[in-house]
2 protein chains.
Amino acid sequence: MYCLLKCAPLILAVAVCHGWLFGDFVGKQKELDEISLWPLPQKFQSSAVDFKLSSASFQIVHAKQSSAGPSCSILENAFRRYFEYMFGDLKKLEKSRKKVYDSDLVELQVWITSADPQCDGYPSLQTDESYVLSVDKPSAVLKAANVWGALRGLETFSQLVYEDDYGANNINKTEISDFPRFAHRGILLDSSRHFLPLKVILANLEAMAMNKFNVFHWHIVDDPSFPYMSRTFPDLSQKGAYHPFTHVYTPSDVKMVIEFARMRGIRVIPEFDTPGHTQSWGNGIKDLLTPCYSGSSPSGTFGPVNPILNSSYDFMTQFFKEISTVFPDAYIHLGGDEVDFSCWKSNPDIQKFMVQQGFGTDYSKLESFYIQRLLDIVTATKKGYMVWQEVFDNGVKLKDDTVVEVWIGNKMKEELQNVTGAGFTTILSAPWYLDYISYGQDWQRYYKVEPLNFPGTDAQKKLVIGGEACLWGEYVDATNLTPRLWPRASAVAERLWSDKSVTDVGNAYNRLAQHRCRMVKRGIPAEPLFVGHCRQEYMGL
Amino acid sequence: MYCLLKCAPLILAVAVCHGWLFGDFVGKQKELDEISLWPLPQKFQSSAVDFKLSSASFQIVHAKQSSAGPSCSILENAFRRYFEYMFGDLKKLEKSRKKVYDSDLVELQVWITSADPQCDGYPSLQTDESYVLSVDKPSAVLKAANVWGALRGLETFSQLVYEDDYGANNINKTEISDFPRFAHRGILLDSSRHFLPLKVILANLEAMAMNKFNVFHWHIVDDPSFPYMSRTFPDLSQKGAYHPFTHVYTPSDVKMVIEFARMRGIRVIPEFDTPGHTQSWGNGIKDLLTPCYSGSSPSGTFGPVNPILNSSYDFMTQFFKEISTVFPDAYIHLGGDEVDFSCWKSNPDIQKFMVQQGFGTDYSKLESFYIQRLLDIVTATKKGYMVWQEVFDNGVKLKDDTVVEVWIGNKMKEELQNVTGAGFTTILSAPWYLDYISYGQDWQRYYKVEPLNFPGTDAQKKLVIGGEACLWGEYVDATNLTPRLWPRASAVAERLWSDKSVTDVGNAYNRLAQHRCRMVKRGIPAEPLFVGHCRQEYMGL
């Protein structure tokens with residue numbers, strides 16, 4: 001009975017599914033158009049039979065058999081959030097109970113099936129995000145092993161609800177069985193080139209949940225500023241942030257981001273990129289950076305972290321000890337990209353060290369020397385690490401569970417082949433640098449990427465665990481970040497969640513245009529795909 | 001004593017002016033950096049002598065000799081607006097009078113010198129926007145022939161005020177004599193491809209005033225939708241708008257836009273583009289558009305306005321009669337661009353008409369036939385008109401005061417040469433299509449354009465009366481329009497206002513970065529130029 005997306009060429013695209021299942025119900029087409037699931041579930045069957053939902057009687061409840069109950073705050077919060085998405089501001093809703101009619105759907109039961117619902121846990125790379133959703137009378141049932149799958153299913157349920165011509169909330173009889181294609185589906189935001197106020201970060205976590213993204217890669221510090229407030233080294237932000245009070249993330253801010261993300265099934269992986277991209281670190285930590293030389297005397301400028309001083313490693317040991325306790329995720333991103341050797345080359349002490357170590361004039365050996373010691377430091381904190389591809393390219397010895405991030409567009413397939421050929425897990429961001437804007441519907445370019453389209457064995461393909469859409473901060477801040485990121489990142493969301501066969505751009509356009517309107521309705525100023533309008537967009541203005 | 005920008009190569013750029021005038025006051029450099037005038041005045045002299053401004057004692061007042069007084073609402077409103085820009089929310093300010101110190105600047109006197117201050121008038125192409133501003137003790141004096149010059153001078157005065165390290169408002173002793181290089185400095189917004197809520201239009205009029213733009217070219221209707229609510233033909237928006245209630249500009253909305261613009265010295269020139277770009281018109285007016293044929297029978301689709309029916313001209317006569325009364329400006333933009341002949345070619349009645357008129361197969365003659373009659377209709381309403389360049393290119397006979405808008409990037413210089421060679425005034429928009437976004441600092445490309453850099457006599461150059469930055473609506477709506485337009489359009493603002501010699505991109509970068517922060521502070525979410533931050537941007541978050 002399922003319209004399996006994979007079952008036959010005939011029904012590869014959901015447009016065809018719609019045609020097949022709903023072909024006889026032309027009058028319903030308008031309403032069906034408005035069921036615009038994004039990203040498209042793996043298995044999806046709908047029917048023209050529909051039910052009405054009343055804000056006065058409909059409820060989201062814990063199923064009797066569920067291992068989770070009212071004490072599960074992650075679900076309680078999600079119930080409230082999705083109720084509001086579907087019915088509008090809770091404060092404005094009628095409280096009186098209404099008569100229940102036969103055509104009403106009265107509840108959604110959420111049934112957590114595993115003994116530990118993980119109400120107080122954090123999502124991880126191993127998290128099971130699958131769910132099964134059945135919308136039928138008298139109750140809809142959402143089944144998931146744990147809260148993380150339930151969150152994904154709640155989003156899908158809320159996307160199934162549509163307004164009919166009379167403004168009434170409807171939902172069609174539906175069966176969905178869903179799971180992500182890739183386990184790591186991330187968004188990179190950069191809070192160093194421009195400081196991003198908490199509000200902006202939280203709004204984008206909201207939008208991520210609407211698109212089933214599950215990793216916030218927080219590129220929190222870089223050359224221009226160091227907004228992370230460290231308890232161990234307060235001078236890092238005191239002297240390295242754009243402003244020590246207004247342009248910093250306090251420990252409490254960071255906690256709030258992590259908790260807000262957790263409530264939406266999103267991991268927070270902070271990136272503390274070294275040894276390059278560290279100019280702002282140097283303001284707060286004496287002797288951390290390499291002094292550059294002009295001829296025989298220091299020029300007054302500084303280069304990457306000084307890799308020849310023990311003090312550098314002592315600092316990193318203490319610093320990452322703090323980071324490993326502040327951020328609960330099993331992974332830390334250690335950067336390692338774009339190290340400029342010119343300063344190292346200019347420095348006579350570094351030159352001497354190169355000779356002592358027998359590195360000759362190969363400064364990538366010095367880089368590897370640094371990274372190797374850093375990895376050992378981080379390993380001692382019991383964390384796994386992610387690195388940019390250069391670290392792998394330079395032949396640094398990596399732990400088995402290292403995730404290598406492939407970001408260089410040029411020779412991307414070769415790199416994927418090499419990284420997975422060496423047995424490392426990898427994520428792909430090269431095709432999804434969303435800071436590179438251009439005229440027109442560039443979302444289609446992001447959408448058309450097939451991450452596994454590189455030469456390699458099945459075992460190699462399995463090592464590609466996902467990807468990330470990156471919005472580097474050179475040209476974005478609170479004024480323009482959110483509309484620039486959404487719905488362009490949504491294209492990446494579907495590529496990483498839905499089946500490989502979901503590639504019809506025309507069908508995607510229709511669903512994405514609706515999904516974008518849904519984001520706008522929920523308060524995310526996602527920009528338009530093209531000419532047109534949203535049904536609700538300017539009500540009340 | 002003036003640092004005339006034109007007086008000598010030595011002092012061509014304001015950076016040099018600063019160096020010359022302020023060279024001895026290194027300690028003041030930080031404050032001076034924050035005096036970031038945009039667009040740069042024609043003649044500017046400043047001194048390190050500074051005065052303090054207190055919100056409790058400083059006043060903007062009518063000079064005793066001024067021909068305008070408290071009944072001049074355009075000035076009264078401007079006084080209030082600029083006071084608020086300088087000192088923050090009026091409601092939050094202390095009302096108590098403070099002691100006045102010697103170092104205080106206590107007032108700005110606004111002195112309108114001509115007998116008619118034009119308090120109740122509208123700005124026009126002939127408007128004198130010049131002003132002279134003198135900041136000295138005990139009073140600053142702003143002299144202008146009329147309110148329009150005073151508005152420009154008030155903006156400049158407000159840009160001179162800066163906060164010192166103690167948060168106190170300061171202003172340096174300054175002499176400015178200023179006037180625009182070009183009379184027509186416009187922004188085109190497109191409210192058809194996406195409806196733009198009133199709020200968005202008003203916010204952008206605010207931003208235009210901050211950049212001394214003086215024309216709002218309102219591309220109000222086009223193929224996708226007809227949001228202009230016509231009293232004479234209500235079906236145009238009833239049937240042609242995205243939604244007849246929520247996505248329309250009522251007569252009262254239009255009045256509000258015009259008045260809001262007038263208060264800021266901005267002309268509103270509406271564009272009703274025909275005969276192409278009119279699909280949305282066809283919904284409300286029977287037989288207005290040409291029925292296209294597929295072989296020998298109508299295909300059900302429609303082309304440009306039908307140029308062979310008298311009813312088309314009867315409609316246009318009534319319609320433009322209304323438009324000529326609703327919009328006070330002396331000009332209406334009649335479009336005339338991108339007429340697609342394929343539908344006309346397919347229609348047997350049109351074919352017959354072509355033969356009758358002896359047009360052969362040259363459909364541009366039919367286009368000219370239509371346009372010629374339309375121009376006569378509009379001329380009868382006593383309005384002048386603007387047209388896109390095709391109308392000139394096709395050899396339509398134009399009134400002497402027609403403004404031809406050059407928009408096609410390819411062969412732009414040749415076109416300017418031809419249009420002005422034929423004796424017509426022209427404005428340039430070809431290099432300033434801001435909808436074409438790209439990665440990086442594209443404002444520099446806009447900034448580097450020299451509008452008069454085409455082969456022609458001095459008399460021809462004088463016919464170039466200005467230009468427009470165009471933000472077509474395919475990819476922008478309320479979610480992303482404002483940050484995409486600003487500060488990119490600011491580059492065009494300075495090009496059209498300041499002296500031809502003001503071309504130093506580095507100096508412009510510094511001033512524009514500050515000017516952008518000023519816009520953000522005033523509530524316009526202008527996007528960042530590059531990495532960095534504004535002093536005030538996240539206060540209170």
# chains A, B, ... in the order shown; residues from 1 in each chain; ligands from 1
>>> interface_residues(of="chain B", to="chain A", cutoff="10 Å", atoms="only C-alpha atoms", output="PDB file with N, CA and C atoms, in the first residue's frame")
ATOM      1  N   SER B 192       5.201  44.696  -7.985  1.00  0.00           N
ATOM      2  CA  SER B 192       4.338  43.762  -8.709  1.00  0.00           C
ATOM      3  C   SER B 192       4.822  42.322  -8.585  1.00  0.00           C
ATOM      4  N   ARG B 193       6.108  42.096  -8.760  1.00  0.00           N
ATOM      5  CA  ARG B 193       6.620  40.723  -8.698  1.00  0.00           C
ATOM      6  C   ARG B 193       6.493  40.174  -7.283  1.00  0.00           C
ATOM      7  N   HIS B 194       6.722  41.047  -6.311  1.00  0.00           N
ATOM      8  CA  HIS B 194       6.298  40.767  -4.939  1.00  0.00           C
ATOM      9  C   HIS B 194       5.627  42.016  -4.409  1.00  0.00           C
ATOM     10  N   PHE B 195       4.519  41.833  -3.737  1.00  0.00           N
ATOM     11  CA  PHE B 195       3.871  42.967  -3.089  1.00  0.00           C
ATOM     12  C   PHE B 195       4.771  43.454  -1.965  1.00  0.00           C
ATOM     13  N   LEU B 196       4.936  44.759  -1.883  1.00  0.00           N
ATOM     14  CA  LEU B 196       5.736  45.334  -0.797  1.00  0.00           C
ATOM     15  C   LEU B 196       4.808  46.041   0.178  1.00  0.00           C
ATOM     16  N   PRO B 197       4.741  45.567   1.409  1.00  0.00           N
ATOM     17  CA  PRO B 197       3.873  46.226   2.385  1.00  0.00           C
ATOM     18  C   PRO B 197       4.279  47.687   2.546  1.00  0.00           C
ATOM     19  N   LEU B 198       3.317  48.498   2.885  1.00  0.00           N
ATOM     20  CA  LEU B 198       3.549  49.925   3.071  1.00  0.00           C
ATOM     21  C   LEU B 198       4.763  50.197   3.961  1.00  0.00           C
ATOM     22  N   LYS B 199       4.840  49.432   5.050  1.00  0.00           N
ATOM     23  CA  LYS B 199       5.940  49.581   5.997  1.00  0.00           C
ATOM     24  C   LYS B 199       7.305  49.523   5.318  1.00  0.00           C
ATOM     25  N   PRO B 224       3.016  40.165 -13.170  1.00  0.00           N
ATOM     26  CA  PRO B 224       2.532  39.228 -12.154  1.00  0.00           C
ATOM     27  C   PRO B 224       1.349  39.738 -11.331  1.00  0.00           C
ATOM     28  N   SER B 225       1.296  41.029 -11.030  1.00  0.00           N
ATOM     29  CA  SER B 225       0.178  41.497 -10.202  1.00  0.00           C
ATOM     30  C   SER B 225      -0.037  42.990 -10.384  1.00  0.00           C
ATOM     31  N   TYR B 242      -2.460  40.121  -6.157  1.00  0.00           N
ATOM     32  CA  TYR B 242      -2.307  38.790  -5.571  1.00  0.00           C
ATOM     33  C   TYR B 242      -3.488  38.480  -4.650  1.00  0.00           C
ATOM     34  N   HIS B 243      -3.930  39.481  -3.924  1.00  0.00           N
ATOM     35  CA  HIS B 243      -5.124  39.354  -3.100  1.00  0.00           C
ATOM     36  C   HIS B 243      -5.806  40.719  -3.081  1.00  0.00           C
ATOM     37  N   PHE B 245      -7.592  42.303  -0.992  1.00  0.00           N
ATOM     38  CA  PHE B 245      -7.612  43.088   0.251  1.00  0.00           C
ATOM     39  C   PHE B 245      -6.213  43.300   0.812  1.00  0.00           C
ATOM     40  N   THR B 246      -5.448  42.218   0.858  1.00  0.00           N
ATOM     41  CA  THR B 246      -4.178  42.308   1.583  1.00  0.00           C
ATOM     42  C   THR B 246      -3.005  42.737   0.698  1.00  0.00           C
ATOM     43  N   HIS B 247      -3.125  42.576  -0.605  1.00  0.00           N
ATOM     44  CA  HIS B 247      -1.981  42.846  -1.484  1.00  0.00           C
ATOM     45  C   HIS B 247      -2.280  43.989  -2.454  1.00  0.00           C
ATOM     46  N   ASP B 435      19.422  44.348  -8.375  1.00  0.00           N
ATOM     47  CA  ASP B 435      18.894  42.987  -8.212  1.00  0.00           C
ATOM     48  C   ASP B 435      19.931  41.946  -8.628  1.00  0.00           C
ATOM     49  N   TYR B 436      20.882  42.338  -9.478  1.00  0.00           N
ATOM     50  CA  TYR B 436      21.946  41.404  -9.856  1.00  0.00           C
ATOM     51  C   TYR B 436      22.984  41.334  -8.756  1.00  0.00           C
ATOM     52  N   ILE B 437      22.793  40.421  -7.845  1.00  0.00           N
ATOM     53  CA  ILE B 437      23.714  40.334  -6.716  1.00  0.00           C
ATOM     54  C   ILE B 437      24.911  39.464  -7.080  1.00  0.00           C
ATOM     55  N   SER B 438      25.983  39.667  -6.372  1.00  0.00           N
ATOM     56  CA  SER B 438      27.146  38.807  -6.542  1.00  0.00           C
ATOM     57  C   SER B 438      27.937  38.810  -5.247  1.00  0.00           C
ATOM     58  N   TYR B 439      28.872  37.894  -5.148  1.00  0.00           N
ATOM     59  CA  TYR B 439      29.661  37.781  -3.927  1.00  0.00           C
ATOM     60  C   TYR B 439      30.597  38.985  -3.783  1.00  0.00           C
ATOM     61  N   GLY B 440      30.697  39.518  -2.593  1.00  0.00           N
ATOM     62  CA  GLY B 440      31.716  40.535  -2.341  1.00  0.00           C
ATOM     63  C   GLY B 440      31.185  41.955  -2.360  1.00  0.00           C
ATOM     64  N   GLN B 441      32.104  42.888  -2.485  1.00  0.00           N
ATOM     65  CA  GLN B 441      31.773  44.301  -2.340  1.00  0.00           C
ATOM     66  C   GLN B 441      31.372  44.924  -3.676  1.00  0.00           C
ATOM     67  N   GLY B 473      11.950  43.123  -8.653  1.00  0.00           N
ATOM     68  CA  GLY B 473      11.376  42.336  -7.570  1.00  0.00           C
ATOM     69  C   GLY B 473      11.370  40.825  -7.678  1.00  0.00           C
ATOM     70  N   GLU B 474      12.049  40.257  -8.668  1.00  0.00           N
ATOM     71  CA  GLU B 474      11.984  38.793  -8.806  1.00  0.00           C
ATOM     72  C   GLU B 474      12.359  38.070  -7.518  1.00  0.00           C
ATOM     73  N   TYR B 475      13.383  38.553  -6.857  1.00  0.00           N
ATOM     74  CA  TYR B 475      13.939  37.801  -5.727  1.00  0.00           C
ATOM     75  C   TYR B 475      13.904  38.566  -4.409  1.00  0.00           C
ATOM     76  N   VAL B 476      13.159  39.652  -4.365  1.00  0.00           N
ATOM     77  CA  VAL B 476      13.092  40.390  -3.098  1.00  0.00           C
ATOM     78  C   VAL B 476      11.654  40.670  -2.684  1.00  0.00           C
ATOM     79  N   ASP B 477      11.431  40.612  -1.410  1.00  0.00           N
ATOM     80  CA  ASP B 477      10.159  41.059  -0.836  1.00  0.00           C
ATOM     81  C   ASP B 477      10.457  41.602   0.557  1.00  0.00           C
ATOM     82  N   ALA B 478       9.429  41.698   1.385  1.00  0.00           N
ATOM     83  CA  ALA B 478       9.607  42.305   2.700  1.00  0.00           C
ATOM     84  C   ALA B 478      10.700  41.616   3.521  1.00  0.00           C
ATOM     85  N   THR B 479      10.965  40.346   3.245  1.00  0.00           N
ATOM     86  CA  THR B 479      11.922  39.615   4.081  1.00  0.00           C
ATOM     87  C   THR B 479      13.376  40.036   3.859  1.00  0.00           C
ATOM     88  N   ASN B 480      13.698  40.495   2.641  1.00  0.00           N
ATOM     89  CA  ASN B 480      15.116  40.722   2.338  1.00  0.00           C
ATOM     90  C   ASN B 480      15.412  42.013   1.574  1.00  0.00           C
ATOM     91  N   LEU B 481      14.383  42.788   1.245  1.00  0.00           N
ATOM     92  CA  LEU B 481      14.607  43.950   0.381  1.00  0.00           C
ATOM     93  C   LEU B 481      15.535  44.990   1.001  1.00  0.00           C
ATOM     94  N   THR B 482      15.236  45.398   2.224  1.00  0.00           N
ATOM     95  CA  THR B 482      15.963  46.528   2.796  1.00  0.00           C
ATOM     96  C   THR B 482      17.463  46.255   2.966  1.00  0.00           C
ATOM     97  N   PRO B 483      17.861  45.129   3.586  1.00  0.00           N
ATOM     98  CA  PRO B 483      19.302  44.894   3.675  1.00  0.00           C
ATOM     99  C   PRO B 483      19.970  44.647   2.318  1.00  0.00           C
ATOM    100  N   ARG B 484      19.213  44.207   1.324  1.00  0.00           N
ATOM    101  CA  ARG B 484      19.836  44.005   0.019  1.00  0.00           C
ATOM    102  C   ARG B 484      20.040  45.333  -0.700  1.00  0.00           C
ATOM    103  N   VAL B 520      21.794  51.676  10.451  1.00  0.00           N
ATOM    104  CA  VAL B 520      21.361  50.615  11.374  1.00  0.00           C
ATOM    105  C   VAL B 520      20.850  51.236  12.669  1.00  0.00           C
ATOM    106  N   ILE B 524      17.279  51.191  10.091  1.00  0.00           N
ATOM    107  CA  ILE B 524      17.314  50.585   8.758  1.00  0.00           C
ATOM    108  C   ILE B 524      18.297  49.416   8.780  1.00  0.00           C
ATOM    109  N   PRO B 525      17.836  48.191   8.586  1.00  0.00           N
ATOM    110  CA  PRO B 525      18.761  47.050   8.659  1.00  0.00           C
ATOM    111  C   PRO B 525      19.632  46.948   7.413  1.00  0.00           C
ATOM    112  N   ALA B 526      20.534  47.894   7.260  1.00  0.00           N
ATOM    113  CA  ALA B 526      21.462  47.894   6.128  1.00  0.00           C
ATOM    114  C   ALA B 526      22.534  46.841   6.378  1.00  0.00           C
ATOM    115  N   GLU B 527      22.851  46.068   5.347  1.00  0.00           N
ATOM    116  CA  GLU B 527      23.788  44.959   5.533  1.00  0.00           C
ATOM    117  C   GLU B 527      25.231  45.453   5.661  1.00  0.00           C
ATOM    118  N   PRO B 528      26.111  44.620   6.207  1.00  0.00           N
ATOM    119  CA  PRO B 528      27.500  45.061   6.393  1.00  0.00           C
ATOM    120  C   PRO B 528      28.255  45.103   5.060  1.00  0.00           C
ATOM    121  N   LEU B 529      29.237  45.997   4.983  1.00  0.00           N
ATOM    122  CA  LEU B 529      30.112  46.047   3.817  1.00  0.00           C
ATOM    123  C   LEU B 529      31.099  44.888   3.831  1.00  0.00           C
ATOM    124  N   PHE B 530      31.571  44.578   5.025  1.00  0.00           N
ATOM    125  CA  PHE B 530      32.601  43.553   5.168  1.00  0.00           C
ATOM    126  C   PHE B 530      32.707  43.239   6.655  1.00  0.00           C
ATOM    127  N   VAL B 531      33.712  42.454   7.003  1.00  0.00           N
ATOM    128  CA  VAL B 531      33.984  42.069   8.386  1.00  0.00           C
ATOM    129  C   VAL B 531      34.039  43.289   9.309  1.00  0.00           C
ATOM    130  N   GLY B 532      33.482  43.156  10.501  1.00  0.00           N
ATOM    131  CA  GLY B 532      33.567  44.241  11.469  1.00  0.00           C
ATOM    132  C   GLY B 532      32.313  44.350  12.307  1.00  0.00           C
ATOM    133  N   HIS B 533      32.135  45.514  12.891  1.00  0.00           N
ATOM    134  CA  HIS B 533      30.958  45.713  13.738  1.00  0.00           C
ATOM    135  C   HIS B 533      30.662  47.194  13.852  1.00  0.00           C
ATOM    136  N   CYS B 534      29.439  47.492  14.274  1.00  0.00           N
ATOM    137  CA  CYS B 534      29.069  48.872  14.573  1.00  0.00           C
ATOM    138  C   CYS B 534      29.183  49.072  16.069  1.00  0.00           C
ATOM    139  N   ARG B 535      29.503  50.280  16.429  1.00  0.00           N
ATOM    140  CA  ARG B 535      29.654  50.615  17.836  1.00  0.00           C
ATOM    141  C   ARG B 535      28.383  50.305  18.632  1.00  0.00           C
ATOM    142  N   GLN B 536      27.248  50.690  18.057  1.00  0.00           N
ATOM    143  CA  GLN B 536      26.017  50.607  18.832  1.00  0.00           C
ATOM    144  C   GLN B 536      25.167  49.387  18.526  1.00  0.00           C
ATOM    145  N   GLU B 537      25.572  48.531  17.570  1.00  0.00           N
ATOM    146  CA  GLU B 537      24.567  47.690  16.932  1.00  0.00           C
ATOM    147  C   GLU B 537      23.812  46.760  17.859  1.00  0.00           C
ATOM    148  N   TYR B 538      24.482  46.199  18.835  1.00  0.00           N
ATOM    149  CA  TYR B 538      23.758  45.226  19.635  1.00  0.00           C
ATOM    150  C   TYR B 538      23.505  45.671  21.066  1.00  0.00           C
ATOM    151  N   MET B 539      23.633  46.951  21.327  1.00  0.00           N
ATOM    152  CA  MET B 539      23.288  47.470  22.639  1.00  0.00           C
ATOM    153  C   MET B 539      21.863  47.042  22.962  1.00  0.00           C
ATOM    154  N   GLY B 540      21.683  46.577  24.180  1.00  0.00           N
ATOM    155  CA  GLY B 540      20.322  46.300  24.624  1.00  0.00           C
ATOM    156  C   GLY B 540      19.797  44.947  24.194  1.00  0.00           C
ATOM    157  N   LEU B 541      20.582  44.161  23.507  1.00  0.00           N
ATOM    158  CA  LEU B 541      20.103  42.818  23.150  1.00  0.00           C
ATOM    159  C   LEU B 541      20.604  41.812  24.189  1.00  0.00           C
TER     160      LEU B 541
END
>>> select_by_dssp(residues="range 201-315 of chain B", states="alpha helix (DSSP H)", output="MDAnalysis selection string")
chainID B and resid 201:210 235:240 251:262 279:284 310:315
>>> residues_around(residues="Lys99 in chain B", least_positions_apart="6", cutoff="10 Å", atoms="only C-alpha atoms", output="number ranges by chain")
B: 54, 56-57
>>> residues_around(residues="Lys345 in chain B", least_positions_apart="4", cutoff="9 Å", atoms="only C-alpha atoms", output="PyMOL selection string")
chain B and resi 292-293+341+350-351+361+363
>>> write_last_selection(atoms="all heavy atoms", output="PDB file, in the first residue's frame")
ATOM      1  N   CYS B 292      -3.662  35.888 -28.316  1.00  0.00           N
ATOM      2  CA  CYS B 292      -2.668  35.200 -29.142  1.00  0.00           C
ATOM      3  C   CYS B 292      -3.345  34.037 -29.858  1.00  0.00           C
ATOM      4  O   CYS B 292      -4.302  33.451 -29.348  1.00  0.00           O
ATOM      5  CB  CYS B 292      -1.516  34.656 -28.288  1.00  0.00           C
ATOM      6  SG  CYS B 292      -0.865  35.835 -27.085  1.00  0.00           S
ATOM      7  N   TYR B 293      -2.814  33.734 -31.020  1.00  0.00           N
ATOM      8  CA  TYR B 293      -3.382  32.637 -31.796  1.00  0.00           C
ATOM      9  C   TYR B 293      -2.387  31.497 -31.906  1.00  0.00           C
ATOM     10  O   TYR B 293      -1.167  31.695 -31.955  1.00  0.00           O
ATOM     11  CB  TYR B 293      -3.759  33.118 -33.203  1.00  0.00           C
ATOM     12  CG  TYR B 293      -5.118  33.780 -33.251  1.00  0.00           C
ATOM     13  CD1 TYR B 293      -5.355  34.980 -32.571  1.00  0.00           C
ATOM     14  CD2 TYR B 293      -6.167  33.203 -33.969  1.00  0.00           C
ATOM     15  CE1 TYR B 293      -6.601  35.587 -32.604  1.00  0.00           C
ATOM     16  CE2 TYR B 293      -7.424  33.808 -34.005  1.00  0.00           C
ATOM     17  CZ  TYR B 293      -7.629  34.999 -33.321  1.00  0.00           C
ATOM     18  OH  TYR B 293      -8.859  35.586 -33.347  1.00  0.00           O
ATOM     19  N   PHE B 341       6.866  40.627 -29.680  1.00  0.00           N
ATOM     20  CA  PHE B 341       5.976  40.730 -30.849  1.00  0.00           C
ATOM     21  C   PHE B 341       5.293  39.412 -31.240  1.00  0.00           C
ATOM     22  O   PHE B 341       4.440  39.404 -32.119  1.00  0.00           O
ATOM     23  CB  PHE B 341       6.779  41.237 -32.068  1.00  0.00           C
ATOM     24  CG  PHE B 341       7.330  42.636 -31.893  1.00  0.00           C
ATOM     25  CD1 PHE B 341       8.552  42.996 -32.449  1.00  0.00           C
ATOM     26  CD2 PHE B 341       6.604  43.608 -31.190  1.00  0.00           C
ATOM     27  CE1 PHE B 341       9.045  44.291 -32.295  1.00  0.00           C
ATOM     28  CE2 PHE B 341       7.100  44.898 -31.035  1.00  0.00           C
ATOM     29  CZ  PHE B 341       8.329  45.238 -31.585  1.00  0.00           C
ATOM     30  N   ILE B 350      -4.492  41.648 -36.155  1.00  0.00           N
ATOM     31  CA  ILE B 350      -3.311  42.521 -36.107  1.00  0.00           C
ATOM     32  C   ILE B 350      -2.594  42.490 -37.449  1.00  0.00           C
ATOM     33  O   ILE B 350      -2.156  43.522 -37.965  1.00  0.00           O
ATOM     34  CB  ILE B 350      -2.357  42.084 -34.968  1.00  0.00           C
ATOM     35  CG1 ILE B 350      -3.076  42.070 -33.629  1.00  0.00           C
ATOM     36  CG2 ILE B 350      -1.085  42.936 -34.960  1.00  0.00           C
ATOM     37  CD1 ILE B 350      -2.762  43.142 -32.676  1.00  0.00           C
ATOM     38  N   GLN B 351      -2.491  41.283 -38.002  1.00  0.00           N
ATOM     39  CA  GLN B 351      -1.831  41.149 -39.314  1.00  0.00           C
ATOM     40  C   GLN B 351      -2.525  42.048 -40.348  1.00  0.00           C
ATOM     41  O   GLN B 351      -1.868  42.762 -41.116  1.00  0.00           O
ATOM     42  CB  GLN B 351      -1.873  39.686 -39.777  1.00  0.00           C
ATOM     43  CG  GLN B 351      -0.976  38.752 -38.974  1.00  0.00           C
ATOM     44  CD  GLN B 351      -1.356  37.279 -39.120  1.00  0.00           C
ATOM     45  OE1 GLN B 351      -2.207  36.931 -39.953  1.00  0.00           O
ATOM     46  NE2 GLN B 351      -0.748  36.425 -38.312  1.00  0.00           N
ATOM     47  N   THR B 361       6.128  44.095 -42.258  1.00  0.00           N
ATOM     48  CA  THR B 361       6.241  43.127 -41.156  1.00  0.00           C
ATOM     49  C   THR B 361       7.068  43.705 -40.011  1.00  0.00           C
ATOM     50  O   THR B 361       7.585  42.989 -39.167  1.00  0.00           O
ATOM     51  CB  THR B 361       6.913  41.823 -41.644  1.00  0.00           C
ATOM     52  OG1 THR B 361       8.177  42.180 -42.237  1.00  0.00           O
ATOM     53  CG2 THR B 361       6.049  41.115 -42.665  1.00  0.00           C
ATOM     54  N   TYR B 363       7.062  45.097 -36.802  1.00  0.00           N
ATOM     55  CA  TYR B 363       6.158  45.273 -35.656  1.00  0.00           C
ATOM     56  C   TYR B 363       6.597  46.396 -34.725  1.00  0.00           C
ATOM     57  O   TYR B 363       5.814  46.854 -33.903  1.00  0.00           O
ATOM     58  CB  TYR B 363       5.984  43.940 -34.920  1.00  0.00           C
ATOM     59  CG  TYR B 363       5.030  43.028 -35.661  1.00  0.00           C
ATOM     60  CD1 TYR B 363       5.472  42.261 -36.741  1.00  0.00           C
ATOM     61  CD2 TYR B 363       3.686  42.977 -35.331  1.00  0.00           C
ATOM     62  CE1 TYR B 363       4.591  41.457 -37.461  1.00  0.00           C
ATOM     63  CE2 TYR B 363       2.796  42.179 -36.038  1.00  0.00           C
ATOM     64  CZ  TYR B 363       3.256  41.415 -37.107  1.00  0.00           C
ATOM     65  OH  TYR B 363       2.374  40.632 -37.808  1.00  0.00           O
TER      66      TYR B 363
END
>>> atom_distance(atom1="CA of Met263 in chain A", atom2="CA of Asp89 in chain A")
19.6 Å
>>> atom_distance(atom1="CA of Tyr131 in chain B", atom2="CA of Gly186 in chain B")
20.2 Å
